[in-house]
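Written below as structure tokens is the structure these notes are about.
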Amino acid sequence: MEIKDTIKSFIMTELLAEKGLGSLADADPLIDSGIIDSFGIMALMSFLEEKFSIQIAGDELIPENFESVMRISALVAQKTECSLGV
Amino acid sequence: MKKPRLVQHCIDEHVRHAPGEISVTDAQDCLTYGELDELSNRLAHCLKAAGVTRQDCVAFCMQRSVHCLTAILGILKADAIYVPLDPRTPESRRMSILADCQPRAFICDKSTIKQIKLEELTMSGIQVVVLDPRQQSTGTDASGIVGWQQILACSQKPPEADNSADDLAYIMYTSGSTGHPKGVMISHQNIRSYVDWAVACFGLNPADRILCTAPFHFDMSTFDVHAALRSGGTLCIASDMMMLFPENLVRFMEEQKVTVWKGVSSLLMYLARAGVLKSGRMPNLKTVLFAGEPLPTRYLMQWMNTYPEKRFINAYGPTEATGVSLYYELAKVPASTLERVPIGRPCTDTEVFLLKEDMSVGGEGEIGELCIAGAGLAKGYFNDPVKTNQVFIEPKPGTGRGQRYYRTGDLVKMRHDGNYEYVSRLDNQVKIMGYRIELGEIEHAMLSIDGVDDAVVIVEEDLQSGLNELVACYESLSDLRPDTVMAELKMRIPGYMMPKKMHKVISIPRNERGKVDRKSLGDAALRMMVG
């Protein structure tokens, strides 16, 4: 599964299920819409760190990196490339 | 100097001597003591003109901004009781609170006005006030809504105060086990006693800048709001966004030169996990209080090792006792992550004791239910004498307990060094992210959904994050799906009460008395039962 789909599936099942919404586009706003709240952000962070074996630093934990599925996958892609030394 | 009698009079001295000093700021705006005083006077006159009289309730539901303080002070100056509401709470819960407290007026702002059913409010005779300079025009229409311009047109002179110190200042709604939120009644005197202690204990003064991360509908905010105003310092209100992104919060604390922070433990934990704790950061921060739930020792150690120069205080106190009832200042970094940080000893004007199972009083080394007596004790739950009498125990002559006391429902151990140590909850009330939640309230809401035959909610530790989370299970003979139950539940309870997981099970195991044995129920065990 692509990074994007893995993240999307996590958000759909863990953060969105409770809102009863069936779809999520890559560019849909996650912060302004309230999909990611103070509970969600911690769960999402743990998930990303565990799933992709990355460490998200405080200065990366900024709204710009989490505003959509697209932006989160870009962050993860960049971090996994770094760790592979690409 | 004579101590101010009422909470709102705490600012009078600062208004006289330093009207140009900043009393409150958020990331966008700020108000000087003079401006806050003047605006809250105008709002008070405006509320009075709308029919608000002594000890009427006035609800406010606003985004986090400097005007939350205008609302609080304005309501108090109108001799009324403020009832803070969560802007994110579902309509049904908001309506149930409004039905309970029957406010005379409802204060909102440009964004929260969109969430409320205006007609229902005005039909019930509730005066809607939009306290927001960004919405100047509201109020001139036929709807009868009072807007910014009308508030500004009211007198700026301090209104005559009719309150006595024993009158209520606020009612804060917490989770109730029967499905209905309970309104805790706190008086002027309760707040004054708490805040006087806080100001003296932490040496708060006009140079202090106090961070506010607590929601205003949460009793943690009592410290922020009232200690800041009492000390003549500045309240620095952090936005919701900052709470999501620790780097933004830390930057705000640095820009605002925050000196004191009383934060919920989960937020301190989040900051530690997010890796923003770095030596040299937040240089002005001197005092850090953490409360709301136990802070895992390893995170406290991380904070203390990074910032050996700062004071760290574990604070404990139920909403029913106003603010902090016991506290423990860390003298040194805990030696190991296994060490339990005590909740310490009672504050000034507070007495505590342990009630053992046989109703005798516990001593050193013993565990019992923590009971609190003293100046912080609430008057009880609004409109609910039955629940009030269950936990607020009136003194019985000849029993040796001559004071009214509150049964916290917390199991606590009295250590040999005289400090108390938190053990666990007695009942099904849990804390998630600092929010007090009665599992029964969620179950009650689930049971109100068509097709749900039985329901149980338990707390499980998420193995990845180490955080506690709510797991819900339900029985249904129909083909009702978990996501449908989630969607229905979302409309009934606030987000912080929403279970993280929802399972459909064949049957919920109960003991012979029909009670679910939550302790023996694990998420894994429940999953196996999924039909």
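Residues in the structure tokens are named by chain (A, B, ... in the order shown) and by number from 1 within that chain; ligands are numbered from 1 in the order shown.
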
Quick one: DSSP helix (DSSP H, G or I) residues in stretch 237-373 of chain B, as a PyMOL selection string?
-> chain B and resi 240-244+246-255+265-273+297-306+319-321

Counting only C-alpha atoms, chain B residues within 8 Å of chain A, as a ChimeraX atom specification | /B:243-248,270,274-276,433,464-465,483-484,486-487,489-490,496,498,500-501

Non-local contacts of stretch 20-22 of chain B (6 Å; only C-alpha atoms; under 2 positions in same chain excluded) as a list in words |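 That gives Ala18, Val24, Leu31, Thr32, Tyr33 and Thr234 of chain B.
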
Pull C-alpha atoms from the residues just selected and write them as a PDB file, in the first residue's frame.
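Saved to out_4.pdb:
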ATOM      1  CA  ALA B  18      -2.060  50.326  36.610  1.00  0.00           C
ATOM      2  CA  VAL B  24      -5.237  39.493  29.083  1.00  0.00           C
ATOM      3  CA  LEU B  31      -6.966  44.210  26.839  1.00  0.00           C
ATOM      4  CA  THR B  32      -5.489  46.482  29.483  1.00  0.00           C
ATOM      5  CA  TYR B  33      -6.868  46.390  33.001  1.00  0.00           C
ATOM      6  CA  THR B 234      -1.330  38.978  32.516  1.00  0.00           C
TER       7      THR B 234
END

How many Å separate atom CA of B:Lys262 from atom CA of B:Leu211?
->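 Atom CA of B:Leu211 lies at a distance of 7.4 Å from atom CA of B:Lys262.
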
Residue neighbourhood A:Ser53, 10 Å, only C-alpha atoms, exclusion window fewer than 6 positions, as a short mmCIF file (atom, residue, chain, number, x, y, z; two decimals) with C-alpha atoms, in the first residue's frame:
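Below you can see part-v9.cif, which holds the result:
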data_model
loop_
_atom_site.label_atom_id
_atom_site.label_comp_id
_atom_site.auth_asym_id
_atom_site.auth_seq_id
_atom_site.Cartn_x
_atom_site.Cartn_y
_atom_site.Cartn_z
CA PHE A 47 0.83 5.58 14.31
CA VAL A 76 6.55 10.78 5.79
CA LYS A 79 11.52 11.29 6.42
CA THR A 80 11.70 7.72 5.12
CA SER A 83 16.46 7.36 6.89
#

Using only C-alpha atoms, determine which residues lie at most 7 Å from stretch 317-327 of chain B, disregarding the query and same-chain residues fewer than 5 positions distant; provide the list as a list in words.
->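 So, after excluding close chain neighbours, the residues are Val184, Ile186, Asn190, Ile191, Tyr194, Asp219, Met220, Thr222, Phe223, Ile343, Gly344, Arg345, Pro346, Cys347, Thr350, Gly376, Leu377 and Ala378 of chain B.
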
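Considering only stretch 232-289 of chain B, backbone DSSP assigns strand (DSSP E) to Thr234, Leu235, Cys236, Ile237, Val260, Trp261, Lys262, Gly263, Val264, Thr287, Val288 and Leu289 of chain B.
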
Near-stretch 363-370 of chain B list (8 Å; only C-alpha atoms; drop same-chain fewer than 5 positions) as a PyMOL selection string | chain B and resi 352-357+407-416+418+426
